[in-house]
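This is work32.cif. It holds mmCIF, C-alpha atoms and all ligand atoms.
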```cif
data_run
#
loop_
_atom_site.label_atom_id
_atom_site.label_comp_id
_atom_site.auth_asym_id
_atom_site.auth_seq_id
_atom_site.Cartn_x
_atom_site.Cartn_y
_atom_site.Cartn_z
CA MET A 5 65.40 40.13 -11.55
CA SER A 6 63.11 37.11 -11.37
CA GLU A 7 59.37 37.12 -11.97
CA GLU A 8 59.01 35.89 -8.41
CA LYS A 9 60.78 38.95 -7.09
CA ILE A 10 58.64 41.25 -9.27
CA LEU A 11 55.48 39.62 -7.94
CA GLU A 12 56.80 39.93 -4.41
CA ILE A 13 57.22 43.68 -4.88
CA LEU A 14 53.80 44.02 -6.52
CA SER A 15 52.23 42.13 -3.64
CA GLN A 16 53.12 45.11 -1.43
CA ILE A 17 50.94 47.41 -3.54
CA GLN A 18 47.21 47.72 -2.92
CA ASP A 19 44.40 48.59 -5.28
CA PRO A 20 43.04 51.70 -3.50
CA PHE A 21 39.40 50.87 -4.26
CA LEU A 22 39.46 47.22 -3.18
CA LYS A 23 42.09 47.63 -0.46
CA ASN A 24 43.75 44.38 -1.40
CA ASP A 25 47.10 43.74 -3.08
CA LEU A 26 47.51 43.51 -6.85
CA VAL A 27 48.79 39.93 -6.84
CA SER A 28 46.00 38.52 -4.65
CA LEU A 29 43.44 40.33 -6.78
CA GLY A 30 44.80 38.65 -9.92
CA PHE A 31 45.50 42.11 -11.38
CA VAL A 32 49.00 41.39 -12.71
CA LYS A 33 48.14 40.81 -16.37
CA SER A 34 51.58 40.82 -17.93
CA ILE A 35 55.16 41.36 -16.95
CA SER A 36 57.73 41.98 -19.64
CA LEU A 37 61.37 42.35 -18.83
CA ASN A 38 63.88 43.43 -21.43
CA GLY A 39 67.33 43.57 -19.85
CA ASN A 40 66.65 45.74 -16.81
CA LYS A 41 63.68 47.49 -18.44
CA LEU A 42 60.37 46.41 -16.97
CA SER A 43 56.90 47.07 -18.31
CA LEU A 44 53.74 46.04 -16.55
CA GLU A 45 50.12 45.61 -17.55
CA LEU A 46 47.90 45.78 -14.51
CA GLY A 47 44.21 45.55 -13.76
CA SER A 48 42.63 48.21 -11.61
CA ALA A 49 39.30 48.67 -9.91
CA SER A 50 40.06 52.33 -9.24
CA ASP A 51 39.70 55.60 -11.13
CA ASN A 52 42.44 57.40 -13.08
CA ASP A 53 43.53 59.65 -10.21
CA SER A 54 44.05 56.63 -7.97
CA ASN A 55 45.91 54.83 -10.75
CA VAL A 56 48.38 57.73 -10.90
CA LYS A 57 49.04 57.22 -7.17
CA THR A 58 49.37 53.45 -7.61
CA ASP A 59 51.80 54.06 -10.47
CA SER A 60 54.09 56.13 -8.26
CA ALA A 61 53.75 53.67 -5.35
CA ILE A 62 54.97 50.91 -7.69
CA ARG A 63 57.89 53.00 -8.95
CA ASN A 64 58.88 53.77 -5.33
CA ALA A 65 58.67 50.14 -4.31
CA PHE A 66 60.99 49.14 -7.16
CA LYS A 67 63.39 51.99 -6.34
CA ILE A 68 63.70 50.66 -2.80
CA ASN A 69 63.66 46.92 -3.48
CA SER A 70 65.31 46.70 -6.88
CA PRO A 71 67.09 49.97 -7.74
CA GLU A 72 68.69 48.48 -10.88
CA THR A 73 65.25 47.95 -12.49
CA GLU A 74 64.11 50.68 -14.81
CA ILE A 75 60.35 50.91 -15.24
CA SER A 76 59.61 51.68 -18.86
CA GLY A 77 55.84 51.61 -18.62
CA ILE A 78 52.86 50.75 -16.44
CA THR A 79 49.43 50.48 -18.02
CA PHE A 80 46.19 50.04 -16.14
CA THR A 81 43.03 48.50 -17.52
CA LYS A 82 39.81 47.90 -15.64
CA GLY A 83 40.17 44.61 -13.79
CA ILE A 84 37.61 42.05 -12.66
CA THR A 85 38.24 39.97 -9.56
CA THR A 86 37.23 36.33 -9.18
CA HIS A 87 34.13 35.14 -7.36
CA ILE A 88 35.56 32.68 -4.86
CA ASN A 89 33.08 29.90 -4.15
CA PRO A 90 33.92 26.19 -3.87
CA LYS A 91 30.85 25.18 -5.84
CA LYS A 92 31.73 27.57 -8.67
CA THR A 93 35.32 26.36 -8.71
CA GLU A 94 34.03 22.82 -9.08
CA ILE A 95 31.53 23.61 -11.84
CA PHE A 96 33.36 26.41 -13.65
CA PRO A 97 37.04 26.19 -12.72
CA GLU A 98 38.07 28.64 -15.45
CA VAL A 99 35.16 31.07 -15.21
CA LYS A 100 35.82 33.98 -12.88
CA ASN A 101 32.25 35.29 -12.59
CA THR A 102 28.72 34.26 -13.49
CA ILE A 103 26.01 36.91 -13.80
CA ALA A 104 22.28 36.39 -14.31
CA ILE A 105 20.40 39.00 -16.32
CA SER A 106 16.94 38.63 -14.91
CA SER A 107 13.54 40.27 -14.54
CA GLY A 108 10.16 39.42 -13.15
CA LYS A 109 8.16 40.54 -16.15
CA GLY A 110 8.67 39.34 -19.71
CA GLY A 111 9.63 41.54 -22.62
CA VAL A 112 11.41 44.24 -20.60
CA GLY A 113 14.66 43.85 -22.55
CA LYS A 114 16.70 41.19 -20.71
CA SER A 115 17.99 39.53 -23.86
CA THR A 116 18.74 42.86 -25.55
CA ILE A 117 20.67 44.00 -22.49
CA ALA A 118 22.44 40.64 -22.00
CA ALA A 119 23.55 40.74 -25.66
CA ASN A 120 24.78 44.32 -25.43
CA LEU A 121 26.52 43.92 -22.08
CA ALA A 122 28.29 40.76 -23.27
CA ALA A 123 29.41 42.51 -26.48
CA SER A 124 30.46 45.58 -24.48
CA PHE A 125 32.54 43.50 -22.01
CA ALA A 126 34.25 41.79 -24.97
CA GLN A 127 34.91 45.22 -26.54
CA LYS A 128 36.62 46.25 -23.32
CA GLY A 129 38.95 43.28 -23.64
CA PHE A 130 37.34 40.89 -21.16
CA LYS A 131 36.96 37.21 -21.95
CA THR A 132 33.20 36.95 -22.12
CA GLY A 133 30.61 34.20 -22.48
CA LEU A 134 26.83 34.21 -22.77
CA ILE A 135 24.45 31.36 -22.00
CA ASP A 136 20.94 31.70 -23.34
CA ALA A 137 19.11 30.22 -20.35
CA ASP A 138 15.74 30.92 -21.91
CA ILE A 139 15.26 27.34 -23.03
CA TYR A 140 11.64 27.88 -24.11
CA GLY A 141 12.14 31.13 -25.96
CA PRO A 142 15.78 31.60 -26.94
CA SER A 143 16.45 35.04 -28.46
CA ILE A 144 20.24 35.08 -28.47
CA PRO A 145 20.78 33.28 -31.85
CA LEU A 146 18.72 36.00 -33.56
CA MET A 147 20.28 38.85 -31.60
CA PHE A 148 23.77 37.70 -32.61
CA GLY A 149 22.78 36.59 -36.11
CA ILE A 150 24.00 33.02 -35.60
CA ASN A 151 22.67 30.26 -37.85
CA GLU A 152 25.36 27.62 -37.48
CA LYS A 153 25.60 24.60 -35.19
CA PRO A 154 28.30 24.30 -32.54
CA LYS A 155 31.24 21.99 -33.32
CA VAL A 156 31.80 18.86 -31.25
CA ARG A 157 35.19 18.02 -29.72
CA GLU A 158 36.27 14.89 -27.92
CA VAL A 159 37.76 15.62 -24.51
CA ASN A 160 38.97 12.62 -22.50
CA GLY A 161 36.65 10.32 -24.45
CA LYS A 162 33.63 12.60 -23.90
CA SER A 163 31.88 14.64 -26.58
CA LYS A 164 31.84 18.32 -25.71
CA LEU A 165 30.48 21.34 -27.54
CA LEU A 166 32.46 24.38 -28.56
CA PRO A 167 30.55 27.61 -27.97
CA ILE A 168 30.00 29.77 -31.04
CA GLU A 169 32.05 32.94 -30.97
CA LYS A 170 30.69 36.21 -32.34
CA TYR A 171 31.80 39.80 -31.67
CA GLY A 172 34.32 38.32 -29.25
CA VAL A 173 31.61 36.62 -27.13
CA LYS A 174 31.45 32.84 -26.64
CA ILE A 175 27.79 31.88 -26.90
CA MET A 176 25.64 28.82 -26.27
CA SER A 177 21.90 28.58 -26.85
CA ILE A 178 19.38 25.77 -27.19
CA GLY A 179 18.42 27.55 -30.42
CA PHE A 180 21.74 26.33 -31.94
CA LEU A 181 20.87 22.72 -31.24
CA VAL A 182 17.18 22.01 -31.71
CA ASP A 183 14.25 23.40 -33.59
CA VAL A 184 12.98 26.09 -31.22
CA ASN A 185 9.39 24.89 -31.63
CA SER A 186 10.29 21.48 -30.23
CA ALA A 187 11.93 22.96 -27.13
CA VAL A 188 8.67 24.74 -26.29
CA VAL A 189 6.96 21.44 -25.47
CA TRP A 190 9.71 20.20 -23.15
CA ARG A 191 8.86 19.68 -19.54
CA GLY A 192 10.73 21.40 -16.73
CA PRO A 193 13.27 18.62 -16.03
CA MET A 194 14.28 18.47 -19.70
CA ALA A 195 14.82 22.20 -19.77
CA SER A 196 16.92 22.01 -16.60
CA SER A 197 18.97 19.18 -18.02
CA ALA A 198 19.60 21.12 -21.26
CA LEU A 199 20.86 24.01 -19.18
CA ARG A 200 23.01 21.73 -17.05
CA GLN A 201 24.66 20.51 -20.23
CA PHE A 202 25.48 24.07 -21.23
CA ILE A 203 27.42 24.26 -18.02
CA SER A 204 29.15 20.90 -17.95
CA ASP A 205 29.41 19.82 -21.60
CA VAL A 206 30.58 23.04 -23.21
CA ILE A 207 34.24 23.97 -23.51
CA TRP A 208 34.08 27.50 -22.11
CA GLY A 209 37.79 27.92 -21.41
CA GLU A 210 38.96 30.89 -19.40
CA LEU A 211 36.33 33.61 -18.96
CA ASP A 212 36.24 36.80 -16.90
CA VAL A 213 32.47 36.87 -17.01
CA LEU A 214 29.80 34.42 -18.13
CA PHE A 215 26.38 36.04 -18.54
CA PHE A 216 23.09 34.14 -18.30
CA ASP A 217 20.16 35.54 -20.23
CA MET A 218 17.38 34.30 -17.96
CA PRO A 219 13.82 33.44 -18.93
CA PRO A 220 11.11 35.83 -17.67
CA GLY A 221 9.39 35.30 -14.35
CA THR A 222 10.20 34.08 -10.87
CA GLY A 223 8.70 30.62 -11.07
CA ASP A 224 10.25 27.24 -10.36
CA ILE A 225 12.53 27.27 -13.37
CA GLN A 226 14.14 30.58 -12.46
CA LEU A 227 14.49 29.54 -8.85
CA THR A 228 16.06 26.23 -9.84
CA LEU A 229 18.44 27.92 -12.24
CA SER A 230 19.60 30.41 -9.66
CA GLN A 231 20.19 27.58 -7.23
CA THR A 232 22.04 25.41 -9.72
CA VAL A 233 24.40 28.01 -11.07
CA PRO A 234 26.78 29.42 -8.46
CA LEU A 235 26.22 33.05 -9.32
CA THR A 236 28.41 36.03 -8.53
CA GLY A 237 25.20 38.02 -8.61
CA ALA A 238 22.11 39.04 -10.49
CA VAL A 239 21.21 42.10 -12.50
CA ILE A 240 17.53 42.97 -12.48
CA VAL A 241 16.04 44.61 -15.54
CA THR A 242 12.82 46.57 -15.23
CA THR A 243 10.85 49.17 -17.10
CA PRO A 244 9.73 52.20 -15.08
CA GLN A 245 6.05 51.35 -14.71
CA GLU A 246 4.48 49.80 -11.62
CA ILE A 247 3.45 46.49 -13.22
CA SER A 248 7.04 45.78 -14.20
CA LEU A 249 8.46 47.01 -10.87
CA ALA A 250 6.11 44.76 -8.89
CA ASP A 251 7.51 41.75 -10.78
CA ALA A 252 11.07 43.04 -10.50
CA ARG A 253 10.63 43.18 -6.69
CA LYS A 254 9.62 39.51 -6.76
CA GLY A 255 12.81 38.83 -8.71
CA TYR A 256 14.87 40.65 -6.10
CA HIS A 257 13.30 38.61 -3.28
CA MET A 258 13.82 35.35 -5.17
CA PHE A 259 17.57 35.98 -5.43
CA GLU A 260 17.67 37.13 -1.80
CA LYS A 261 16.07 33.84 -0.76
CA VAL A 262 18.86 31.83 -2.40
CA ASN A 263 21.64 34.16 -1.17
CA VAL A 264 22.49 35.56 -4.57
CA PRO A 265 23.42 39.24 -4.27
CA THR A 266 21.73 41.70 -6.57
CA LEU A 267 24.49 43.63 -8.34
CA GLY A 268 22.12 46.34 -9.45
CA ILE A 269 19.07 47.39 -11.36
CA ILE A 270 18.92 48.46 -14.98
CA GLU A 271 15.93 50.51 -15.99
CA ASN A 272 15.12 49.92 -19.65
CA MET A 273 12.80 51.88 -21.95
CA SER A 274 13.22 54.78 -19.54
CA TYR A 275 12.20 57.50 -21.96
CA TYR A 276 12.08 58.47 -25.60
CA GLN A 277 14.36 61.26 -26.67
CA LEU A 278 12.41 63.71 -28.81
CA PRO A 279 14.19 65.62 -31.59
CA ASP A 280 13.76 68.93 -29.70
CA GLY A 281 15.77 67.55 -26.76
CA GLU A 282 12.73 66.91 -24.55
CA ARG A 283 12.19 63.45 -23.11
CA GLU A 284 8.93 61.60 -23.23
CA TYR A 285 8.49 59.21 -20.31
CA ILE A 286 6.31 56.67 -22.07
CA PHE A 287 6.33 54.04 -19.31
CA GLY A 288 6.51 56.40 -16.32
CA LYS A 289 9.48 57.97 -14.65
CA GLU A 290 12.27 56.82 -12.32
CA GLY A 291 10.69 53.55 -11.17
CA GLY A 292 14.09 51.82 -11.39
CA ARG A 293 15.73 54.57 -9.34
CA GLN A 294 13.08 54.21 -6.62
CA MET A 295 13.45 50.45 -6.57
CA ALA A 296 17.23 50.77 -6.22
CA LEU A 297 16.69 53.10 -3.23
CA GLU A 298 14.12 50.76 -1.72
CA PHE A 299 16.52 47.79 -1.79
CA ASN A 300 19.68 49.77 -1.18
CA THR A 301 21.17 48.52 -4.40
CA LYS A 302 22.78 50.30 -7.32
CA LEU A 303 20.91 51.78 -10.26
CA LEU A 304 23.38 50.69 -12.94
CA GLY A 305 21.80 52.87 -15.59
CA GLU A 306 18.73 54.04 -17.50
CA ILE A 307 18.42 53.04 -21.16
CA PRO A 308 16.12 55.04 -23.42
CA ILE A 309 13.84 53.58 -26.07
CA ASN A 310 15.69 53.74 -29.33
CA THR A 311 15.00 52.26 -32.74
CA GLN A 312 18.64 51.25 -33.24
CA ILE A 313 18.55 49.16 -30.05
CA ARG A 314 15.61 47.25 -31.50
CA THR A 315 17.00 46.91 -35.04
CA GLY A 316 20.37 45.85 -33.62
CA GLY A 317 18.59 42.91 -31.98
CA ASP A 318 16.57 42.02 -35.04
CA GLU A 319 19.53 42.27 -37.40
CA GLY A 320 21.92 40.22 -35.29
CA LYS A 321 24.33 42.99 -34.35
CA PRO A 322 24.05 44.51 -30.86
CA VAL A 323 23.98 48.32 -31.04
CA VAL A 324 27.24 48.65 -29.07
CA ILE A 325 28.90 46.86 -32.02
CA SER A 326 26.94 48.37 -34.93
CA ASN A 327 27.03 51.96 -33.64
CA PRO A 328 29.38 52.40 -30.68
CA GLY A 329 29.21 56.21 -30.90
CA LEU A 330 25.43 56.32 -30.35
CA THR A 331 24.38 57.87 -27.00
CA GLU A 332 22.57 54.62 -26.09
CA SER A 333 25.73 52.58 -26.81
CA GLU A 334 27.68 54.91 -24.56
CA ILE A 335 25.06 54.42 -21.84
CA LEU A 336 25.40 50.63 -22.22
CA SER A 337 29.18 50.91 -22.05
CA ARG A 338 28.93 52.97 -18.83
CA ILE A 339 26.54 50.37 -17.40
CA SER A 340 29.23 47.75 -18.10
CA ASP A 341 31.74 49.82 -16.13
CA GLU A 342 29.30 50.23 -13.23
CA LEU A 343 28.66 46.49 -13.30
CA ILE A 344 32.39 45.74 -13.14
CA ASN A 345 32.61 47.93 -10.01
CA GLU A 346 29.71 46.10 -8.41
CA ILE A 347 31.21 42.68 -9.25
CA ASN A 348 34.45 43.76 -7.60
CA ILE A 349 32.63 45.09 -4.51
CA VAL A 350 30.55 41.92 -4.10
CA ASN A 351 33.63 39.70 -4.55
CA ALA A 352 35.56 41.75 -2.00
CA ASN A 353 32.77 41.50 0.59
CA ARG A 354 31.71 37.93 0.05
CA LYS A 355 31.95 35.58 2.96
CA GLU A 356 33.33 32.24 1.89
CA ASN A 357 30.86 29.38 1.60
CA SER A 358 27.96 31.77 1.94
CA ASP A 359 26.13 30.27 -1.01
CA LEU A 360 23.27 27.94 -0.65
CA VAL A 361 23.40 25.64 -3.64
CA ILE A 362 20.80 22.97 -4.17
CA GLU A 363 21.27 20.30 -6.81
CA ILE A 364 18.59 19.57 -9.36
N1 LIG B 1 15.70 50.22 -25.10
C1 LIG B 1 15.02 49.66 -26.10
N2 LIG B 1 14.62 50.42 -27.17
C2 LIG B 1 13.92 49.87 -28.18
N3 LIG B 1 13.55 48.58 -28.24
C3 LIG B 1 13.92 47.78 -27.22
C4 LIG B 1 14.67 48.27 -26.11
N4 LIG B 1 14.90 47.23 -25.25
C5 LIG B 1 14.31 46.16 -25.82
N5 LIG B 1 13.73 46.48 -26.98
C6 LIG B 1 12.95 45.60 -27.87
O1 LIG B 1 11.88 45.06 -27.08
C7 LIG B 1 11.63 43.71 -27.42
C8 LIG B 1 11.76 42.82 -26.18
O2 LIG B 1 13.12 42.83 -25.77
P1 LIG B 1 13.86 41.51 -25.26
O3 LIG B 1 13.55 40.35 -26.13
O4 LIG B 1 15.25 41.88 -25.04
O5 LIG B 1 13.13 41.34 -23.86
P2 LIG B 1 13.20 40.11 -22.84
O6 LIG B 1 13.02 40.70 -21.47
O7 LIG B 1 14.41 39.31 -23.08
O8 LIG B 1 11.91 39.30 -23.27
P3 LIG B 1 11.52 37.80 -22.76
O9 LIG B 1 10.96 38.00 -21.39
O10 LIG B 1 10.51 37.36 -23.75
O11 LIG B 1 12.77 36.98 -22.75
C9 LIG B 1 12.62 43.37 -28.52
O12 LIG B 1 12.00 43.53 -29.76
C10 LIG B 1 13.73 44.41 -28.36
O13 LIG B 1 14.38 44.71 -29.57
MG MG B 2 14.61 37.25 -23.45
#
```
For the file at hand, write its structure as structure tokens.
Amino acid sequence: MSEEKILEILSQIQDPFLKNDLVSLGFVKSISLNGNKLSLELGSASDNDSNVKTDSAIRNAFKINSPETEISGITFTKGITTHINPKKTEIFPEVKNTIAISSGKGGVGKSTIAANLAASFAQKGFKTGLIDADIYGPSIPLMFGINEKPKVREVNGKSKLLPIEKYGVKIMSIGFLVDVNSAVVWRGPMASSALRQFISDVIWGELDVLFFDMPPGTGDIQLTLSQTVPLTGAVIVTTPQEISLADARKGYHMFEKVNVPTLGIIENMSYYQLPDGEREYIFGKEGGRQMALEFNTKLLGEIPINTQIRTGGDEGKPVVISNPGLTESEILSRISDELINEINIVNANRKENSDLVIEI
């Protein structure tokens, strides 16, 4: 039984959620054959019930096409498909997806959420990277507790930087390279060029997802960034109150203008859980949910205000790492799962060459 033949059989099996075959989706993660005993590790975009059906479809297909093969095990893990886009392939040949964590208003929790989502994706076994695109106010070094400088490697006569790896996430931030106070006085083009170097001069290697922690606002810098980086999509973070939602709407329209799909909205600081079980809606109620309805996009989740989320950031250990059993960590982990679904949906529906990409 050759690997080719195994792949041929697996190419007859569809992921029920994405309605595409396992081989084309890149969901065949490992094949191990021991004599005539075969075990498979597969990605899946579907739920457990559907995986049970896929499991028996695979067993049937082998029974018909290769009766001598005995299937000793099939395991499914959540799979992420690749964002197909010529510009992305050129810039990031080994990066499957690029996601901007964005907001209109500052201080709504983008960096906190970017740090926790990246750590959560890594926990789930995905190869994950994080670019701190907030050149003027990088928060990621603090949130991951990183004080070292990236190592330099020569690749084909060119000096390249190795990202710093922490909690399984490969990270790059301007805060690793220069005194943060000096970056603050840079002009726009210098900031753009620093970011461009994070893309072209860093050895990212293979990644399932590369997150961008975006600076606040919807000004020129954000627009330029979203045009420069071929994005799978954007996640918009908002707090429930009107002033934040108004800015978040601007963010949505900015991405719409440059043909970047919005993968969903995360409402942060949604409420404070009181000890008696009641919730106090400090910043208003359900603004994120209404915005998701308004734009026909997904509400990926609602994150309460919690001291451990804040201390996690200040102490350099995202809460999903320091306290994975905490309700808020579980909410963040569920948001990661919802985001994976949305990435897969967007990748399945994307028309090729639909991206408008303007060089800076
Ligand atoms: N759900 C939460 N509960 C408690 N504190 C939070 C929560 N989300 C964020 N914070 C805290 O709020 C502050 C602002 O968060 P953060 O830096 O992530 O926002 P930001 O949107 O990235 O800000 P900026 O626009 O300046 O980049 C931080 O001190 C962070 O720890
Ligand atoms: Mg930030």
Seminar exercise, completed: Of A:Pro234, A:Pro219, A:Gly161, A:Gly291, the one sitting nearest ligand LIG 1 (chain B) when using all atoms listed in the file is A:Pro219
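Using only C-alpha atoms and all ligand atoms for every distance, the candidate list A:Val56, A:Met194, A:Ile84, A:Val241 yields A:Val241 as the residue closest to ligand MG 2 (chain B).
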Exercise. Which residue, A:Ala123, A:Ile240, A:Leu29, A:Leu249, has the smallest gap to Leu336 (chain A) when you use all atoms listed in the file?
Worked result: A:Ala123
Exercise. If we count only C-alpha atoms, what is near Glu7 (chain A) at a cut-off of 8 Å, once residues fewer than 3 positions away on the same chain are taken out, given as a ChimeraX atom specification?
Worked result: /A:10-11,35
Exercise. Quick one: of A:Met176, A:Leu229, A:Met258, A:Val112, who's nearest to ligand MG 2 (chain B), counting all atoms listed in the file?
Worked result: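 When distances to ligand MG 2 (chain B) are compared using all atoms listed in the file, the smallest one comes from A:Val112.
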Per residue of chain A within 8 Å of ligand LIG 1 (chain B), note the shortest atom pair and the distance in Å to one decimal, counting all atoms listed in the file, and order the rows by chain and increasing residue number, as JSON lines.
```
{"residue": "A:Ser106", "atom": "CA", "partner": "B:LIG1", "partner_atom": "O6", "distance": 7.9}
{"residue": "A:Ser107", "atom": "CA", "partner": "B:LIG1", "partner_atom": "O6", "distance": 7.0}
{"residue": "A:Lys109", "atom": "CA", "partner": "B:LIG1", "partner_atom": "O9", "distance": 6.5}
{"residue": "A:Gly110", "atom": "CA", "partner": "B:LIG1", "partner_atom": "O9", "distance": 3.1}
{"residue": "A:Gly111", "atom": "CA", "partner": "B:LIG1", "partner_atom": "O8", "distance": 3.3}
{"residue": "A:Val112", "atom": "CA", "partner": "B:LIG1", "partner_atom": "O6", "distance": 4.0}
{"residue": "A:Gly113", "atom": "CA", "partner": "B:LIG1", "partner_atom": "O5", "distance": 3.2}
{"residue": "A:Lys114", "atom": "CA", "partner": "B:LIG1", "partner_atom": "O6", "distance": 3.8}
{"residue": "A:Ser115", "atom": "CA", "partner": "B:LIG1", "partner_atom": "O7", "distance": 3.7}
{"residue": "A:Thr116", "atom": "CA", "partner": "B:LIG1", "partner_atom": "O4", "distance": 3.7}
{"residue": "A:Ile117", "atom": "CA", "partner": "B:LIG1", "partner_atom": "O4", "distance": 6.4}
{"residue": "A:Ala118", "atom": "CA", "partner": "B:LIG1", "partner_atom": "O4", "distance": 7.9}
{"residue": "A:Asp138", "atom": "CA", "partner": "B:LIG1", "partner_atom": "O11", "distance": 6.8}
{"residue": "A:Gly141", "atom": "CA", "partner": "B:LIG1", "partner_atom": "O11", "distance": 6.7}
{"residue": "A:Pro142", "atom": "CA", "partner": "B:LIG1", "partner_atom": "O11", "distance": 7.5}
{"residue": "A:Ser143", "atom": "CA", "partner": "B:LIG1", "partner_atom": "O3", "distance": 6.5}
{"residue": "A:Asp217", "atom": "CA", "partner": "B:LIG1", "partner_atom": "O7", "distance": 7.4}
{"residue": "A:Met218", "atom": "CA", "partner": "B:LIG1", "partner_atom": "O11", "distance": 7.2}
{"residue": "A:Pro219", "atom": "CA", "partner": "B:LIG1", "partner_atom": "O11", "distance": 5.3}
{"residue": "A:Pro220", "atom": "CA", "partner": "B:LIG1", "partner_atom": "O9", "distance": 4.3}
{"residue": "A:Gly221", "atom": "CA", "partner": "B:LIG1", "partner_atom": "O9", "distance": 7.7}
{"residue": "A:Val241", "atom": "CA", "partner": "B:LIG1", "partner_atom": "O6", "distance": 7.7}
{"residue": "A:Asn272", "atom": "CA", "partner": "B:LIG1", "partner_atom": "N1", "distance": 5.5}
{"residue": "A:Met273", "atom": "CA", "partner": "B:LIG1", "partner_atom": "N1", "distance": 4.6}
{"residue": "A:Ser274", "atom": "CA", "partner": "B:LIG1", "partner_atom": "N1", "distance": 7.6}
{"residue": "A:Ile307", "atom": "CA", "partner": "B:LIG1", "partner_atom": "N1", "distance": 5.6}
{"residue": "A:Pro308", "atom": "CA", "partner": "B:LIG1", "partner_atom": "N1", "distance": 5.1}
{"residue": "A:Ile309", "atom": "CA", "partner": "B:LIG1", "partner_atom": "N2", "distance": 3.4}
{"residue": "A:Asn310", "atom": "CA", "partner": "B:LIG1", "partner_atom": "N2", "distance": 4.1}
{"residue": "A:Thr311", "atom": "CA", "partner": "B:LIG1", "partner_atom": "C2", "distance": 5.3}
{"residue": "A:Gln312", "atom": "CA", "partner": "B:LIG1", "partner_atom": "C2", "distance": 7.1}
{"residue": "A:Ile313", "atom": "CA", "partner": "B:LIG1", "partner_atom": "N2", "distance": 5.0}
{"residue": "A:Arg314", "atom": "CA", "partner": "B:LIG1", "partner_atom": "O13", "distance": 3.4}
{"residue": "A:Thr315", "atom": "CA", "partner": "B:LIG1", "partner_atom": "O13", "distance": 6.5}
{"residue": "A:Gly316", "atom": "CA", "partner": "B:LIG1", "partner_atom": "O13", "distance": 7.3}
{"residue": "A:Gly317", "atom": "CA", "partner": "B:LIG1", "partner_atom": "O13", "distance": 5.2}
{"residue": "A:Asp318", "atom": "CA", "partner": "B:LIG1", "partner_atom": "O13", "distance": 6.5}
```
Give me the residues of region 164-228 of chain A that have any atom at most 7 Å from an atom of region 154-158 of chain A; for each, the nearest atom pair and the distance in Å, rounded to one decimal. Use all atoms listed in the file, sort by chain and number, and format it as a Markdown table.
```
| residue | atom | partner | partner_atom | distance |
| --- | --- | --- | --- | --- |
| A:Lys164 | CA | A:Arg157 | CA | 5.2 |
| A:Leu165 | CA | A:Val156 | CA | 4.7 |
| A:Leu166 | CA | A:Lys155 | CA | 5.5 |
| A:Pro167 | CA | A:Pro154 | CA | 6.1 |
| A:Ile168 | CA | A:Pro154 | CA | 5.9 |
| A:Phe180 | CA | A:Pro154 | CA | 6.9 |
```
Keeping C-alpha atoms for every residue in the selection just given, could you write it to a file as a PDB file, in the frame of the given file?
```pdb
ATOM      1  CA  LYS A 164      31.840  18.320 -25.710  1.00  0.00           C
ATOM      2  CA  LEU A 165      30.480  21.340 -27.540  1.00  0.00           C
ATOM      3  CA  LEU A 166      32.460  24.380 -28.560  1.00  0.00           C
ATOM      4  CA  PRO A 167      30.550  27.610 -27.970  1.00  0.00           C
ATOM      5  CA  ILE A 168      30.000  29.770 -31.040  1.00  0.00           C
ATOM      6  CA  PHE A 180      21.740  26.330 -31.940  1.00  0.00           C
TER       7      PHE A 180
END
```
Exercise: residues within 9 Å of coordinate (41.4, 53.2, -20.4), counting all atoms listed in the file, as a compact mmCIF listing (two decimals) with C-alpha atoms, in the coordinates of the input:
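Final file, selection.txt:
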```txt
# COMPACT_ATOMS: atom_id res chain seq x y z
CA ASN A 52 42.44 57.40 -13.08
CA THR A 79 49.43 50.48 -18.02
CA PHE A 80 46.19 50.04 -16.14
CA THR A 81 43.03 48.50 -17.52
CA LYS A 82 39.81 47.90 -15.64
CA LYS A 128 36.62 46.25 -23.32
```
Seminar exercise, completed: Across A:Ser340, A:Thr58, A:Thr236, A:Ser177, the smallest distance to ligand MG 2 (chain B), with all atoms listed in the file counted, is shown by A:Ser177
Exercise. Nearest to Lys100 (chain A): which of A:Ser34, A:Ser76, A:Asn345, A:Thr85 is it, counting only C-alpha atoms?
Worked result: A:Thr85
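Going from CA of Leu199 (chain A) to CA of Ala137 (chain A) covers 6.6 Å.
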For this session: Around the point (10.4, 52.3, -13.0) in the file's coordinates, collect all residues with an atom within 10 Å, using all atoms listed in the file, and return them as a PyMOL selection string.
Result: chain A and resi 241-250+252+270-274+287-296+306
